[in-house]
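Everything on this sheet refers to the single structure shown next.
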Amino acid sequence: MSAGVLIAFEGIDGSGKSTQARRFTQWLRDRGADVLLTREPTDGPWGRKIREARFTERLSPEDELHAFLEDRREHVASELAPALARGAVVVVDRYYYSTVAYQGARGLDPSALLQRNRAFAPRPDLVVLVDVPPRRALERIAARGEGQDLFESLAQLTAVRERFLALASEPHVVVLDGEGDEAAVFSRVLETLLSGPLRAWAAHHLPT
Ligand code: TYD
């Protein structure tokens with residue numbers, strides 16, 4: 001049992017989850033919480049390998065899975081576990097639900113993927129799944145001025161979204177409507193924190 005709280009933000013590329021994770025982190029810090037904000041893929045050696053591969057030649061599903069799992073293993077050992085042990089709130093921008101959704105979309109079995117991750121990765125206390133229609137996500141990606149990469153075609157995002165939504169019945173997962181402006185979505189994030197699986201924790205730890 002860890003003393004801290006683990007919150008994961010998940011969603012397809014362009015869903016706005018990173019923006020919401022940052023805002024949420026700031027909101028918690030403003031209330032005096034000790035928060036670690038971190039992301040996957042990480043900036044470690046495996047994470048860098050993954051980022052390089054996405055703009056060149058895509059890895060095979062198995063090699064890709066291996067890279068994400070190794071990246072996560074290192075992330076858990078060096079950052080997540082120590083922060084949770086000291087009682088921090090850990091906010092992760094992507095976690096193993098992304099593996100289930102993205103590598104699942106490449107044909108790997110979702111329940112096996114879940115199992116392999118849960119063998120070593122701590123379970124989140126709350127998973128905020130920011131859901132937007134893929135067309136909207138692509139508009140946002142285009143507006144950021146970034147070129148689309150190999151993960152980001154409409155068909156791909158549609159397949160990944162379906163797999164994310166299939167995880168809605170997993171414990172602690174809350175699907176959040178990611179449409180609308182940043183502030184509107186953020187108010188839904190707070191609502192999720194204050195009324196969702198972490199309701200009791202929030203009531204106890206956060207000043208109102
Ligand atoms: P992303 O959050 O978009 O990173 P960046 O900071 O580079 O924008 O993640 C990169 C891609 O990796 C994204 O398309 C989703 C994918 N991904 C997986 O396929 N499996 C995983 O386990 C994770 C964590 C990410």
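Going through the structure tokens in order, the chains are called A, B, and so on, while each chain numbers its residues from 1 and the ligands are numbered from 1 in the order shown.
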Please tabulate, as a Markdown table, the residues of stretch 80-102 of chain A that come within 12 Å of stretch 123-141 of chain A, each with its closest pair of atoms and the distance in Å to one decimal, counting only C-alpha atoms and ordering rows by chain, then residue number upward.
```
| residue | atom | partner | partner_atom | distance |
| --- | --- | --- | --- | --- |
| A:Leu80 | CA | A:Pro124 | CA | 10.8 |
| A:Ala81 | CA | A:Arg123 | CA | 11.1 |
| A:Leu84 | CA | A:Pro124 | CA | 10.8 |
| A:Val89 | CA | A:Asp125 | CA | 10.2 |
| A:Val90 | CA | A:Pro124 | CA | 9.3 |
| A:Val91 | CA | A:Pro124 | CA | 9.5 |
| A:Val92 | CA | A:Pro124 | CA | 9.4 |
| A:Asp93 | CA | A:Val128 | CA | 9.9 |
| A:Arg94 | CA | A:Val127 | CA | 9.6 |
| A:Tyr95 | CA | A:Pro124 | CA | 9.1 |
| A:Tyr96 | CA | A:Arg123 | CA | 9.3 |
| A:Tyr97 | CA | A:Val127 | CA | 8.8 |
| A:Ser98 | CA | A:Leu129 | CA | 10.2 |
| A:Ala101 | CA | A:Leu129 | CA | 11.5 |
```
As a PDB file with all heavy atoms, in the first residue's frame, please: every protein or nucleic acid residue near ligand 1 (cut-off 8 Å, counting only C-alpha atoms and all ligand atoms).
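Result went into selection.pdb, see below:
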```pdb
ATOM      1  N   ILE A  12      -6.750  10.192 -26.641  1.00  0.00           N
ATOM      2  CA  ILE A  12      -6.052  10.137 -27.927  1.00  0.00           C
ATOM      3  C   ILE A  12      -5.215  11.401 -28.097  1.00  0.00           C
ATOM      4  O   ILE A  12      -5.418  12.398 -27.384  1.00  0.00           O
ATOM      5  CB  ILE A  12      -7.034   9.971 -29.108  1.00  0.00           C
ATOM      6  CG1 ILE A  12      -8.031  11.141 -29.178  1.00  0.00           C
ATOM      7  CG2 ILE A  12      -7.775   8.639 -29.003  1.00  0.00           C
ATOM      8  CD1 ILE A  12      -8.952  11.075 -30.415  1.00  0.00           C
ATOM      9  N   ASP A  13      -4.286  11.360 -29.055  1.00  0.00           N
ATOM     10  CA  ASP A  13      -3.499  12.545 -29.386  1.00  0.00           C
ATOM     11  C   ASP A  13      -4.457  13.675 -29.754  1.00  0.00           C
ATOM     12  O   ASP A  13      -5.407  13.446 -30.495  1.00  0.00           O
ATOM     13  CB  ASP A  13      -2.577  12.256 -30.576  1.00  0.00           C
ATOM     14  CG  ASP A  13      -1.672  11.069 -30.308  1.00  0.00           C
ATOM     15  OD1 ASP A  13      -0.590  11.285 -29.759  1.00  0.00           O
ATOM     16  OD2 ASP A  13      -2.069   9.927 -30.627  1.00  0.00           O
ATOM     17  N   SER A  18      -2.901  16.696 -21.958  1.00  0.00           N
ATOM     18  CA  SER A  18      -1.667  17.251 -21.374  1.00  0.00           C
ATOM     19  C   SER A  18      -1.929  18.632 -20.776  1.00  0.00           C
ATOM     20  O   SER A  18      -1.450  18.944 -19.683  1.00  0.00           O
ATOM     21  CB  SER A  18      -0.557  17.357 -22.418  1.00  0.00           C
ATOM     22  OG  SER A  18      -0.329  16.086 -22.986  1.00  0.00           O
ATOM     23  N   ARG A  39       5.307  12.274 -17.364  1.00  0.00           N
ATOM     24  CA  ARG A  39       4.621  11.797 -18.583  1.00  0.00           C
ATOM     25  C   ARG A  39       5.278  10.544 -19.143  1.00  0.00           C
ATOM     26  O   ARG A  39       6.445  10.259 -18.884  1.00  0.00           O
ATOM     27  CB  ARG A  39       4.634  12.891 -19.653  1.00  0.00           C
ATOM     28  CG  ARG A  39       6.040  13.204 -20.141  1.00  0.00           C
ATOM     29  CD  ARG A  39       6.010  14.098 -21.365  1.00  0.00           C
ATOM     30  NE  ARG A  39       7.384  14.281 -21.863  1.00  0.00           N
ATOM     31  CZ  ARG A  39       7.705  14.821 -23.011  1.00  0.00           C
ATOM     32  NH1 ARG A  39       6.774  15.276 -23.809  1.00  0.00           N
ATOM     33  NH2 ARG A  39       8.966  14.938 -23.396  1.00  0.00           N
ATOM     34  N   GLU A  40       4.479   9.845 -19.926  1.00  0.00           N
ATOM     35  CA  GLU A  40       4.976   8.706 -20.705  1.00  0.00           C
ATOM     36  C   GLU A  40       4.554   8.910 -22.159  1.00  0.00           C
ATOM     37  O   GLU A  40       3.439   9.366 -22.392  1.00  0.00           O
ATOM     38  CB  GLU A  40       4.393   7.401 -20.169  1.00  0.00           C
ATOM     39  CG  GLU A  40       4.881   7.055 -18.784  1.00  0.00           C
ATOM     40  CD  GLU A  40       4.402   5.666 -18.318  1.00  0.00           C
ATOM     41  OE1 GLU A  40       3.699   4.984 -19.088  1.00  0.00           O
ATOM     42  OE2 GLU A  40       4.748   5.279 -17.201  1.00  0.00           O
ATOM     43  N   PRO A  41       5.404   8.547 -23.118  1.00  0.00           N
ATOM     44  CA  PRO A  41       6.769   8.086 -22.921  1.00  0.00           C
ATOM     45  C   PRO A  41       7.620   9.131 -22.198  1.00  0.00           C
ATOM     46  O   PRO A  41       7.385  10.329 -22.363  1.00  0.00           O
ATOM     47  CB  PRO A  41       7.273   7.835 -24.346  1.00  0.00           C
ATOM     48  CG  PRO A  41       6.285   8.453 -25.279  1.00  0.00           C
ATOM     49  CD  PRO A  41       5.019   8.593 -24.541  1.00  0.00           C
ATOM     50  N   ILE A  50      11.483   5.608 -28.503  1.00  0.00           N
ATOM     51  CA  ILE A  50      10.097   5.581 -29.000  1.00  0.00           C
ATOM     52  C   ILE A  50       9.807   6.829 -29.832  1.00  0.00           C
ATOM     53  O   ILE A  50       9.250   6.749 -30.927  1.00  0.00           O
ATOM     54  CB  ILE A  50       9.110   5.504 -27.806  1.00  0.00           C
ATOM     55  CG1 ILE A  50       9.209   4.138 -27.125  1.00  0.00           C
ATOM     56  CG2 ILE A  50       7.688   5.798 -28.260  1.00  0.00           C
ATOM     57  CD1 ILE A  50       8.597   4.086 -25.728  1.00  0.00           C
ATOM     58  N   ARG A  51      10.198   7.999 -29.323  1.00  0.00           N
ATOM     59  CA  ARG A  51       9.917   9.255 -30.044  1.00  0.00           C
ATOM     60  C   ARG A  51      10.642   9.307 -31.379  1.00  0.00           C
ATOM     61  O   ARG A  51      10.105   9.798 -32.368  1.00  0.00           O
ATOM     62  CB  ARG A  51      10.303  10.461 -29.190  1.00  0.00           C
ATOM     63  CG  ARG A  51       9.358  10.692 -28.055  1.00  0.00           C
ATOM     64  CD  ARG A  51       9.300  12.147 -27.631  1.00  0.00           C
ATOM     65  NE  ARG A  51       8.192  12.307 -26.717  1.00  0.00           N
ATOM     66  CZ  ARG A  51       8.238  11.942 -25.438  1.00  0.00           C
ATOM     67  NH1 ARG A  51       9.345  11.436 -24.935  1.00  0.00           N
ATOM     68  NH2 ARG A  51       7.181  12.095 -24.666  1.00  0.00           N
ATOM     69  N   ARG A  54       8.877   7.097 -34.034  1.00  0.00           N
ATOM     70  CA  ARG A  54       7.555   7.453 -34.558  1.00  0.00           C
ATOM     71  C   ARG A  54       7.627   8.334 -35.799  1.00  0.00           C
ATOM     72  O   ARG A  54       6.662   8.433 -36.546  1.00  0.00           O
ATOM     73  CB  ARG A  54       6.688   8.094 -33.469  1.00  0.00           C
ATOM     74  CG  ARG A  54       7.170   9.453 -33.030  1.00  0.00           C
ATOM     75  CD  ARG A  54       6.527   9.877 -31.736  1.00  0.00           C
ATOM     76  NE  ARG A  54       5.220  10.439 -31.936  1.00  0.00           N
ATOM     77  CZ  ARG A  54       4.631  11.298 -31.118  1.00  0.00           C
ATOM     78  NH1 ARG A  54       5.241  11.677 -30.016  1.00  0.00           N
ATOM     79  NH2 ARG A  54       3.449  11.771 -31.361  1.00  0.00           N
ATOM     80  N   GLU A  64       7.525  -2.399 -30.183  1.00  0.00           N
ATOM     81  CA  GLU A  64       6.965  -1.170 -29.640  1.00  0.00           C
ATOM     82  C   GLU A  64       6.481  -1.416 -28.199  1.00  0.00           C
ATOM     83  O   GLU A  64       6.781  -0.638 -27.292  1.00  0.00           O
ATOM     84  CB  GLU A  64       5.799  -0.737 -30.530  1.00  0.00           C
ATOM     85  CG  GLU A  64       5.371   0.690 -30.357  1.00  0.00           C
ATOM     86  CD  GLU A  64       4.353   1.067 -31.417  1.00  0.00           C
ATOM     87  OE1 GLU A  64       3.169   0.692 -31.274  1.00  0.00           O
ATOM     88  OE2 GLU A  64       4.737   1.719 -32.405  1.00  0.00           O
ATOM     89  N   LEU A  65       5.780  -2.516 -28.025  1.00  0.00           N
ATOM     90  CA  LEU A  65       5.305  -2.863 -26.682  1.00  0.00           C
ATOM     91  C   LEU A  65       6.477  -3.003 -25.718  1.00  0.00           C
ATOM     92  O   LEU A  65       6.447  -2.475 -24.605  1.00  0.00           O
ATOM     93  CB  LEU A  65       4.509  -4.179 -26.738  1.00  0.00           C
ATOM     94  CG  LEU A  65       4.114  -4.749 -25.372  1.00  0.00           C
ATOM     95  CD1 LEU A  65       3.163  -3.808 -24.635  1.00  0.00           C
ATOM     96  CD2 LEU A  65       3.477  -6.136 -25.521  1.00  0.00           C
ATOM     97  N   PHE A  68       7.725   0.432 -24.695  1.00  0.00           N
ATOM     98  CA  PHE A  68       6.834   1.132 -23.749  1.00  0.00           C
ATOM     99  C   PHE A  68       6.885   0.487 -22.366  1.00  0.00           C
ATOM    100  O   PHE A  68       6.849   1.193 -21.348  1.00  0.00           O
ATOM    101  CB  PHE A  68       5.391   1.154 -24.267  1.00  0.00           C
ATOM    102  CG  PHE A  68       5.146   2.211 -25.319  1.00  0.00           C
ATOM    103  CD1 PHE A  68       4.813   1.866 -26.626  1.00  0.00           C
ATOM    104  CD2 PHE A  68       5.239   3.564 -25.009  1.00  0.00           C
ATOM    105  CE1 PHE A  68       4.588   2.838 -27.594  1.00  0.00           C
ATOM    106  CE2 PHE A  68       5.010   4.552 -25.969  1.00  0.00           C
ATOM    107  CZ  PHE A  68       4.692   4.179 -27.265  1.00  0.00           C
ATOM    108  N   LEU A  69       6.959  -0.831 -22.330  1.00  0.00           N
ATOM    109  CA  LEU A  69       7.010  -1.510 -21.022  1.00  0.00           C
ATOM    110  C   LEU A  69       8.320  -1.212 -20.290  1.00  0.00           C
ATOM    111  O   LEU A  69       8.317  -0.943 -19.085  1.00  0.00           O
ATOM    112  CB  LEU A  69       6.830  -3.028 -21.187  1.00  0.00           C
ATOM    113  CG  LEU A  69       5.434  -3.511 -21.585  1.00  0.00           C
ATOM    114  CD1 LEU A  69       5.428  -5.030 -21.780  1.00  0.00           C
ATOM    115  CD2 LEU A  69       4.384  -3.118 -20.544  1.00  0.00           C
ATOM    116  N   ARG A  72       8.219   2.267 -19.000  1.00  0.00           N
ATOM    117  CA  ARG A  72       7.338   2.363 -17.824  1.00  0.00           C
ATOM    118  C   ARG A  72       7.997   1.745 -16.592  1.00  0.00           C
ATOM    119  O   ARG A  72       7.889   2.278 -15.493  1.00  0.00           O
ATOM    120  CB  ARG A  72       5.998   1.690 -18.141  1.00  0.00           C
ATOM    121  CG  ARG A  72       4.981   1.766 -17.003  1.00  0.00           C
ATOM    122  CD  ARG A  72       3.589   1.523 -17.514  1.00  0.00           C
ATOM    123  NE  ARG A  72       3.280   2.439 -18.602  1.00  0.00           N
ATOM    124  CZ  ARG A  72       2.890   2.073 -19.818  1.00  0.00           C
ATOM    125  NH1 ARG A  72       2.715   0.797 -20.115  1.00  0.00           N
ATOM    126  NH2 ARG A  72       2.673   2.977 -20.750  1.00  0.00           N
ATOM    127  N   ASP A  93       0.778  11.956 -17.298  1.00  0.00           N
ATOM    128  CA  ASP A  93       0.219  12.268 -18.600  1.00  0.00           C
ATOM    129  C   ASP A  93       0.510  11.047 -19.473  1.00  0.00           C
ATOM    130  O   ASP A  93       1.621  10.897 -19.942  1.00  0.00           O
ATOM    131  CB  ASP A  93       0.928  13.535 -19.104  1.00  0.00           C
ATOM    132  CG  ASP A  93       0.471  13.968 -20.483  1.00  0.00           C
ATOM    133  OD1 ASP A  93      -0.316  13.253 -21.121  1.00  0.00           O
ATOM    134  OD2 ASP A  93       0.938  15.038 -20.918  1.00  0.00           O
ATOM    135  N   ARG A  94      -0.443  10.188 -19.592  1.00  0.00           N
ATOM    136  CA  ARG A  94      -0.389   8.835 -20.184  1.00  0.00           C
ATOM    137  C   ARG A  94       0.202   7.827 -19.210  1.00  0.00           C
ATOM    138  O   ARG A  94       1.182   8.093 -18.523  1.00  0.00           O
ATOM    139  CB  ARG A  94       0.414   8.764 -21.492  1.00  0.00           C
ATOM    140  CG  ARG A  94      -0.229   9.476 -22.640  1.00  0.00           C
ATOM    141  CD  ARG A  94       0.359   8.958 -23.958  1.00  0.00           C
ATOM    142  NE  ARG A  94      -0.106   9.757 -25.079  1.00  0.00           N
ATOM    143  CZ  ARG A  94      -1.316   9.620 -25.623  1.00  0.00           C
ATOM    144  NH1 ARG A  94      -2.152   8.721 -25.162  1.00  0.00           N
ATOM    145  NH2 ARG A  94      -1.687  10.388 -26.622  1.00  0.00           N
ATOM    146  N   TYR A  95      -0.413   6.622 -19.263  1.00  0.00           N
ATOM    147  CA  TYR A  95       0.035   5.518 -18.414  1.00  0.00           C
ATOM    148  C   TYR A  95      -0.327   4.223 -19.126  1.00  0.00           C
ATOM    149  O   TYR A  95      -0.508   4.212 -20.343  1.00  0.00           O
ATOM    150  CB  TYR A  95      -0.653   5.669 -17.049  1.00  0.00           C
ATOM    151  CG  TYR A  95      -0.014   4.914 -15.911  1.00  0.00           C
ATOM    152  CD1 TYR A  95       1.353   4.802 -15.772  1.00  0.00           C
ATOM    153  CD2 TYR A  95      -0.819   4.315 -14.932  1.00  0.00           C
ATOM    154  CE1 TYR A  95       1.915   4.115 -14.689  1.00  0.00           C
ATOM    155  CE2 TYR A  95      -0.269   3.636 -13.849  1.00  0.00           C
ATOM    156  CZ  TYR A  95       1.103   3.534 -13.744  1.00  0.00           C
ATOM    157  OH  TYR A  95       1.644   2.859 -12.687  1.00  0.00           O
ATOM    158  N   TYR A  96      -0.538   3.138 -18.409  1.00  0.00           N
ATOM    159  CA  TYR A  96      -0.640   1.872 -19.137  1.00  0.00           C
ATOM    160  C   TYR A  96      -1.940   1.698 -19.918  1.00  0.00           C
ATOM    161  O   TYR A  96      -2.037   0.831 -20.788  1.00  0.00           O
ATOM    162  CB  TYR A  96      -0.357   0.666 -18.240  1.00  0.00           C
ATOM    163  CG  TYR A  96      -1.211   0.445 -17.017  1.00  0.00           C
ATOM    164  CD1 TYR A  96      -2.514  -0.040 -17.142  1.00  0.00           C
ATOM    165  CD2 TYR A  96      -0.693   0.641 -15.740  1.00  0.00           C
ATOM    166  CE1 TYR A  96      -3.282  -0.307 -16.013  1.00  0.00           C
ATOM    167  CE2 TYR A  96      -1.448   0.376 -14.601  1.00  0.00           C
ATOM    168  CZ  TYR A  96      -2.743  -0.096 -14.741  1.00  0.00           C
ATOM    169  OH  TYR A  96      -3.501  -0.362 -13.633  1.00  0.00           O
ATOM    170  N   TYR A  97      -2.933   2.548 -19.667  1.00  0.00           N
ATOM    171  CA  TYR A  97      -4.150   2.494 -20.486  1.00  0.00           C
ATOM    172  C   TYR A  97      -3.816   2.871 -21.932  1.00  0.00           C
ATOM    173  O   TYR A  97      -4.455   2.382 -22.859  1.00  0.00           O
ATOM    174  CB  TYR A  97      -5.226   3.414 -19.891  1.00  0.00           C
ATOM    175  CG  TYR A  97      -5.523   3.030 -18.456  1.00  0.00           C
ATOM    176  CD1 TYR A  97      -4.704   3.487 -17.429  1.00  0.00           C
ATOM    177  CD2 TYR A  97      -6.554   2.148 -18.154  1.00  0.00           C
ATOM    178  CE1 TYR A  97      -4.915   3.085 -16.119  1.00  0.00           C
ATOM    179  CE2 TYR A  97      -6.781   1.744 -16.848  1.00  0.00           C
ATOM    180  CZ  TYR A  97      -5.956   2.214 -15.838  1.00  0.00           C
ATOM    181  OH  TYR A  97      -6.153   1.810 -14.553  1.00  0.00           O
ATOM    182  N   SER A  98      -2.808   3.739 -22.097  1.00  0.00           N
ATOM    183  CA  SER A  98      -2.353   4.075 -23.458  1.00  0.00           C
ATOM    184  C   SER A  98      -1.777   2.853 -24.154  1.00  0.00           C
ATOM    185  O   SER A  98      -1.969   2.668 -25.361  1.00  0.00           O
ATOM    186  CB  SER A  98      -1.282   5.182 -23.432  1.00  0.00           C
ATOM    187  OG  SER A  98      -1.871   6.449 -23.254  1.00  0.00           O
ATOM    188  N   THR A  99      -1.081   2.019 -23.412  1.00  0.00           N
ATOM    189  CA  THR A  99      -0.541   0.793 -24.018  1.00  0.00           C
ATOM    190  C   THR A  99      -1.678  -0.113 -24.470  1.00  0.00           C
ATOM    191  O   THR A  99      -1.658  -0.669 -25.572  1.00  0.00           O
ATOM    192  CB  THR A  99       0.334   0.023 -23.004  1.00  0.00           C
ATOM    193  OG1 THR A  99       1.266   0.929 -22.420  1.00  0.00           O
ATOM    194  CG2 THR A  99       1.072  -1.125 -23.665  1.00  0.00           C
ATOM    195  N   VAL A 100      -2.684  -0.240 -23.606  1.00  0.00           N
ATOM    196  CA  VAL A 100      -3.812  -1.104 -23.946  1.00  0.00           C
ATOM    197  C   VAL A 100      -4.522  -0.554 -25.189  1.00  0.00           C
ATOM    198  O   VAL A 100      -4.881  -1.304 -26.103  1.00  0.00           O
ATOM    199  CB  VAL A 100      -4.796  -1.227 -22.756  1.00  0.00           C
ATOM    200  CG1 VAL A 100      -5.999  -2.072 -23.138  1.00  0.00           C
ATOM    201  CG2 VAL A 100      -4.077  -1.812 -21.543  1.00  0.00           C
ATOM    202  N   ALA A 101      -4.692   0.769 -25.246  1.00  0.00           N
ATOM    203  CA  ALA A 101      -5.416   1.362 -26.367  1.00  0.00           C
ATOM    204  C   ALA A 101      -4.584   1.373 -27.659  1.00  0.00           C
ATOM    205  O   ALA A 101      -5.065   0.954 -28.715  1.00  0.00           O
ATOM    206  CB  ALA A 101      -5.865   2.779 -26.007  1.00  0.00           C
ATOM    207  N   TYR A 102      -3.358   1.851 -27.576  1.00  0.00           N
ATOM    208  CA  TYR A 102      -2.552   2.015 -28.797  1.00  0.00           C
ATOM    209  C   TYR A 102      -1.983   0.685 -29.290  1.00  0.00           C
ATOM    210  O   TYR A 102      -2.060   0.373 -30.469  1.00  0.00           O
ATOM    211  CB  TYR A 102      -1.405   3.007 -28.570  1.00  0.00           C
ATOM    212  CG  TYR A 102      -1.855   4.447 -28.596  1.00  0.00           C
ATOM    213  CD1 TYR A 102      -2.366   5.058 -27.462  1.00  0.00           C
ATOM    214  CD2 TYR A 102      -1.775   5.197 -29.763  1.00  0.00           C
ATOM    215  CE1 TYR A 102      -2.779   6.383 -27.476  1.00  0.00           C
ATOM    216  CE2 TYR A 102      -2.178   6.531 -29.796  1.00  0.00           C
ATOM    217  CZ  TYR A 102      -2.688   7.114 -28.644  1.00  0.00           C
ATOM    218  OH  TYR A 102      -3.103   8.408 -28.673  1.00  0.00           O
ATOM    219  N   GLN A 103      -1.379  -0.087 -28.384  1.00  0.00           N
ATOM    220  CA  GLN A 103      -0.823  -1.361 -28.839  1.00  0.00           C
ATOM    221  C   GLN A 103      -1.961  -2.365 -29.072  1.00  0.00           C
ATOM    222  O   GLN A 103      -1.852  -3.241 -29.926  1.00  0.00           O
ATOM    223  CB  GLN A 103       0.223  -1.880 -27.848  1.00  0.00           C
ATOM    224  CG  GLN A 103       1.614  -1.221 -28.020  1.00  0.00           C
ATOM    225  CD  GLN A 103       1.609   0.288 -27.788  1.00  0.00           C
ATOM    226  OE1 GLN A 103       1.278   0.763 -26.706  1.00  0.00           O
ATOM    227  NE2 GLN A 103       1.955   1.048 -28.826  1.00  0.00           N
ATOM    228  N   LEU A 150       3.097   9.166 -37.239  1.00  0.00           N
ATOM    229  CA  LEU A 150       2.550   7.857 -37.585  1.00  0.00           C
ATOM    230  C   LEU A 150       1.405   7.406 -36.689  1.00  0.00           C
ATOM    231  O   LEU A 150       0.678   6.489 -37.010  1.00  0.00           O
ATOM    232  CB  LEU A 150       3.679   6.822 -37.527  1.00  0.00           C
ATOM    233  CG  LEU A 150       4.797   7.061 -38.546  1.00  0.00           C
ATOM    234  CD1 LEU A 150       6.014   6.199 -38.214  1.00  0.00           C
ATOM    235  CD2 LEU A 150       4.302   6.717 -39.940  1.00  0.00           C
ATOM    236  N   PHE A 151       1.232   8.049 -35.522  1.00  0.00           N
ATOM    237  CA  PHE A 151       0.186   7.651 -34.606  1.00  0.00           C
ATOM    238  C   PHE A 151      -1.136   8.359 -34.903  1.00  0.00           C
ATOM    239  O   PHE A 151      -2.120   8.123 -34.242  1.00  0.00           O
ATOM    240  CB  PHE A 151       0.586   7.999 -33.160  1.00  0.00           C
ATOM    241  CG  PHE A 151       1.684   7.146 -32.581  1.00  0.00           C
ATOM    242  CD1 PHE A 151       3.002   7.512 -32.692  1.00  0.00           C
ATOM    243  CD2 PHE A 151       1.376   5.982 -31.890  1.00  0.00           C
ATOM    244  CE1 PHE A 151       4.003   6.749 -32.133  1.00  0.00           C
ATOM    245  CE2 PHE A 151       2.375   5.214 -31.325  1.00  0.00           C
ATOM    246  CZ  PHE A 151       3.693   5.588 -31.448  1.00  0.00           C
ATOM    247  N   GLU A 152      -1.121   9.294 -35.839  1.00  0.00           N
ATOM    248  CA  GLU A 152      -2.190  10.285 -35.838  1.00  0.00           C
ATOM    249  C   GLU A 152      -3.082  10.366 -37.075  1.00  0.00           C
ATOM    250  O   GLU A 152      -3.569  11.427 -37.403  1.00  0.00           O
ATOM    251  CB  GLU A 152      -1.586  11.663 -35.540  1.00  0.00           C
ATOM    252  CG  GLU A 152      -0.991  11.702 -34.154  1.00  0.00           C
ATOM    253  CD  GLU A 152      -0.204  12.979 -33.846  1.00  0.00           C
ATOM    254  OE1 GLU A 152       0.051  13.757 -34.763  1.00  0.00           O
ATOM    255  OE2 GLU A 152       0.131  13.166 -32.665  1.00  0.00           O
TER     256      GLU A 152
END
```
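Proximity of A:Ala119, A:Leu194, A:Val76, A:Leu59 to A:Thr38, computed with only C-alpha atoms, is greatest for A:Val76.
Considering the residues A:Ala168, A:Ala53, A:Ala121, A:Leu108 and counting only C-alpha atoms, A:Glu74 has its shortest atom-to-atom contact with A:Ala121.
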inquiry  = Just checking: using only C-alpha atoms, which residue out of A:Pro45, A:Arg106, A:Ala83, A:Arg73 ends up closest to A:Val5?
reply    = A:Ala83
key: strand (DSSP E) call set, DSSP backbone run, stretch 86-118 of chain A, as a list in words   = Val89, Val90, Val91, Val92 and Asp93 of chain A
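Across A:Ala33, A:Ala77, A:Val189, A:Leu157, the tightest approach to A:Val175 is made by A:Val189 when counting only C-alpha atoms.
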query = Where does DSSP see helix (DSSP H, G or I) in stretch 72-153 of chain A, if you list the residues as number ranges by chain?
reply = A: 72-85, 96-105, 110-118, 134-143
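Shell of A:His205 at 12 Å, with only C-alpha atoms counted and residues fewer than 2 places along the chain excluded, is Gly4, Val5, Leu28, Arg31, Gly32, Ala33, Asp34, Gly87, Ala88, Val89, Leu193, Leu194, Leu198, Arg199, Ala200, Trp201, Ala202, Ala203, Pro207 and Thr208 of chain A.
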Now that the selection is made, can you save its residues with C-alpha atoms as a PDB file, in the first residue's frame?
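Listing of again.pdb after writing:
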```
ATOM      1  CA  GLY A   4       0.332   8.810  -2.088  1.00  0.00           C
ATOM      2  CA  VAL A   5      -2.295   9.150  -4.753  1.00  0.00           C
ATOM      3  CA  LEU A  28      -3.405  21.135  -6.604  1.00  0.00           C
ATOM      4  CA  ARG A  31      -3.800  24.241  -2.545  1.00  0.00           C
ATOM      5  CA  GLY A  32      -0.556  23.184  -0.961  1.00  0.00           C
ATOM      6  CA  ALA A  33      -0.308  19.647  -2.337  1.00  0.00           C
ATOM      7  CA  ASP A  34       3.044  17.997  -3.063  1.00  0.00           C
ATOM      8  CA  GLY A  87       2.946  10.565   0.053  1.00  0.00           C
ATOM      9  CA  ALA A  88       2.904  12.812  -2.999  1.00  0.00           C
ATOM     10  CA  VAL A  89       0.132  13.222  -5.521  1.00  0.00           C
ATOM     11  CA  LEU A 193     -11.943  14.870  -8.677  1.00  0.00           C
ATOM     12  CA  LEU A 194     -14.502  16.120  -6.193  1.00  0.00           C
ATOM     13  CA  LEU A 198     -11.127  10.249  -5.081  1.00  0.00           C
ATOM     14  CA  ARG A 199     -14.030  12.118  -3.482  1.00  0.00           C
ATOM     15  CA  ALA A 200     -13.174  11.076   0.076  1.00  0.00           C
ATOM     16  CA  TRP A 201      -9.482  11.781  -0.395  1.00  0.00           C
ATOM     17  CA  ALA A 202     -10.216  15.245  -1.825  1.00  0.00           C
ATOM     18  CA  ALA A 203     -12.591  16.124   0.999  1.00  0.00           C
ATOM     19  CA  PRO A 207      -8.989  22.985   1.613  1.00  0.00           C
ATOM     20  CA  THR A 208     -12.323  24.107   0.221  1.00  0.00           C
TER      21      THR A 208
END
```
task = Give the answer as one residue: which of A:Thr56, A:Gly145, A:Leu6, A:Gly11 has the shortest atom-to-atom distance to A:Val35, using only C-alpha atoms?
result =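 For A:Val35, the nearest of the candidates is A:Leu6.
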task = Go ahead and compute the interatomic distance for atom CA of A:Asp71 and atom CA of A:Gly47, in Å to one decimal.
result = 5.9 Å
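Here the question is which of A:Leu154, A:Ala105, A:Leu190, A:Ala143 gets nearest to A:Thr25 using only C-alpha atoms, and that residue is A:Leu190.
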